[in-house]
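Colleague: First the structure, which I've put down as structure tokens, then a few questions once you've had a look.
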Amino acid sequence: MTLPKGMALIETADGRWFPALTSLTDTPRQVTFLDAGARCILPTREAKLCHDSRQGYCSRKKALEACRAWDEEMHLPVQWEELAAHTEVYPDRNAWYLEEIAQMAGESPVLLIATIEAVAAIIVELHPGVKIISAAGVTRDEAIEQLYQHVHAWWNELAEVRAS
């Protein structure tokens, strides 16, 4: 098994093993020991510590399992957030929202951006000036729905101003 990027295993003279973070530069100058009691490092089910977390792991395999567990705990949630941000579960509903937004805000295109969250925005031309309305959500569906809510609220405010 290979180590996750940016991680190292350190063996002490008495045979104890410790997971560690390394610098991600080409010439790492330091490592940071990861304590099994730390928030992010959890012993795997089979991993048995030598006495306690400050004593390291009894084998290289157990320390490597701790490294992998830490790497998963750090990276999987971000990957899940990115996947969710790119997910569109209700395309028909989103099409309806986008049509309604176009009727209220004119033919300005809706901008959709997805990184670790989905963001929807529209730039409405006003004479003079512009109005930027944006919304964010975990998924594209949520971002578009929130944008619709914001545009609808803005549209109602505008209608009240025009009526008075």
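If you're wondering about the labels, chains in the structure tokens are A, B, ... by order shown, residues count from 1 in each chain, ligands from 1 in order shown.
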Based on DSSP run over this structure's backbone, return all residues of segment 84-151 of chain A in helix (DSSP H, G or I), as a ChimeraX atom specification.
Modeller: /A:84-85,91-105,140-151
Colleague: For atom CA of Leu126 of chain A and atom CA of Asn156 of chain A, quote the distance in Å rounded to one decimal.
Modeller: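 Atom-to-atom, atom CA of Leu126 of chain A to atom CA of Asn156 of chain A, that is 15.5 Å.
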Colleague: Atom CA of Val151 of chain A to atom CA of Ser134 of chain A: how many Å, to one decimal?
Modeller: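 Atom-to-atom, atom CA of Val151 of chain A and atom CA of Ser134 of chain A are spaced 8.6 Å apart.
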Colleague: Provide the atom CA of Arg68 of chain A to atom CA of Thr139 of chain A distance in Å, to one decimal place.
Modeller: 28.2 Å
Colleague: Can you pull out the residues contacting Glu100 of chain A? Cut-off 12 Å, using only C-alpha atoms, and skip same-chain residues under 2 positions away; I want them as a ChimeraX atom specification.
Modeller: /A:93-98,102-107,110,144-145,147-152,155
Colleague: Please, could you write that set of residues out with C-alpha atoms as a PDB file, in the first residue's frame?
Modeller:
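Listing of part_7.pdb after writing:
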```pdb
ATOM      1  CA  ARG A  93     -38.276  22.406 -12.192  1.00  0.00           C
ATOM      2  CA  ASN A  94     -35.045  24.309 -12.847  1.00  0.00           C
ATOM      3  CA  ALA A  95     -36.198  25.097 -16.385  1.00  0.00           C
ATOM      4  CA  TRP A  96     -39.432  26.529 -14.967  1.00  0.00           C
ATOM      5  CA  TYR A  97     -37.515  28.643 -12.433  1.00  0.00           C
ATOM      6  CA  LEU A  98     -35.197  29.923 -15.160  1.00  0.00           C
ATOM      7  CA  ALA A 102     -36.239  35.539 -17.409  1.00  0.00           C
ATOM      8  CA  GLN A 103     -39.781  36.969 -17.343  1.00  0.00           C
ATOM      9  CA  MET A 104     -39.046  39.033 -14.224  1.00  0.00           C
ATOM     10  CA  ALA A 105     -35.478  40.090 -14.969  1.00  0.00           C
ATOM     11  CA  GLY A 106     -35.444  40.293 -18.733  1.00  0.00           C
ATOM     12  CA  GLU A 107     -33.353  38.196 -21.032  1.00  0.00           C
ATOM     13  CA  VAL A 110     -28.289  33.258 -15.550  1.00  0.00           C
ATOM     14  CA  ILE A 144     -31.497  28.050  -8.891  1.00  0.00           C
ATOM     15  CA  GLU A 145     -34.437  27.831  -6.483  1.00  0.00           C
ATOM     16  CA  LEU A 147     -32.048  32.668  -7.096  1.00  0.00           C
ATOM     17  CA  TYR A 148     -35.705  32.488  -8.107  1.00  0.00           C
ATOM     18  CA  GLN A 149     -36.730  33.433  -4.536  1.00  0.00           C
ATOM     19  CA  HIS A 150     -34.344  36.420  -4.540  1.00  0.00           C
ATOM     20  CA  VAL A 151     -35.429  37.616  -7.986  1.00  0.00           C
ATOM     21  CA  HIS A 152     -39.088  37.214  -7.025  1.00  0.00           C
ATOM     22  CA  TRP A 155     -39.484  41.958  -8.496  1.00  0.00           C
TER      23      TRP A 155
END
```
Colleague: Excluding Val138 of chain A and its own-chain neighbours fewer than 5 positions away, which residues fall within 8 Å of it when counting only C-alpha atoms? Please give them as a PDB file with N, CA, C and O atoms, in the first residue's frame.
Modeller:
```
ATOM      1  N   GLU A  81     -18.946  17.294  -1.591  1.00  0.00           N
ATOM      2  CA  GLU A  81     -19.486  18.641  -1.806  1.00  0.00           C
ATOM      3  C   GLU A  81     -19.372  19.043  -3.274  1.00  0.00           C
ATOM      4  O   GLU A  81     -20.296  19.633  -3.837  1.00  0.00           O
ATOM      5  N   ALA A  84     -21.994  17.125  -5.228  1.00  0.00           N
ATOM      6  CA  ALA A  84     -23.329  17.679  -4.982  1.00  0.00           C
ATOM      7  C   ALA A  84     -23.526  18.985  -5.732  1.00  0.00           C
ATOM      8  O   ALA A  84     -24.597  19.237  -6.298  1.00  0.00           O
ATOM      9  N   ALA A  85     -22.491  19.836  -5.752  1.00  0.00           N
ATOM     10  CA  ALA A  85     -22.609  21.141  -6.414  1.00  0.00           C
ATOM     11  C   ALA A  85     -22.858  21.005  -7.914  1.00  0.00           C
ATOM     12  O   ALA A  85     -23.456  21.882  -8.531  1.00  0.00           O
ATOM     13  N   ILE A 116     -17.212  23.893  -4.822  1.00  0.00           N
ATOM     14  CA  ILE A 116     -17.652  23.061  -3.709  1.00  0.00           C
ATOM     15  C   ILE A 116     -19.039  23.485  -3.242  1.00  0.00           C
ATOM     16  O   ILE A 116     -19.578  22.933  -2.303  1.00  0.00           O
ATOM     17  N   GLU A 117     -19.608  24.479  -3.905  1.00  0.00           N
ATOM     18  CA  GLU A 117     -21.009  24.828  -3.756  1.00  0.00           C
ATOM     19  C   GLU A 117     -21.486  25.350  -5.106  1.00  0.00           C
ATOM     20  O   GLU A 117     -20.689  25.692  -5.959  1.00  0.00           O
ATOM     21  N   ALA A 118     -22.783  25.349  -5.282  1.00  0.00           N
ATOM     22  CA  ALA A 118     -23.348  25.848  -6.533  1.00  0.00           C
ATOM     23  C   ALA A 118     -23.778  27.295  -6.321  1.00  0.00           C
ATOM     24  O   ALA A 118     -24.364  27.632  -5.296  1.00  0.00           O
ATOM     25  N   ALA A 143     -29.427  26.217  -5.682  1.00  0.00           N
ATOM     26  CA  ALA A 143     -28.957  27.545  -6.087  1.00  0.00           C
ATOM     27  C   ALA A 143     -29.976  28.217  -7.010  1.00  0.00           C
ATOM     28  O   ALA A 143     -30.271  29.408  -6.849  1.00  0.00           O
TER      29      ALA A 143
END
```
Colleague: Write down as a PyMOL selection string the residues of segment 122-159 of chain A whose backbone DSSP state falls under strand (DSSP E or B).
Modeller: chain A and resi 122-125+130-137
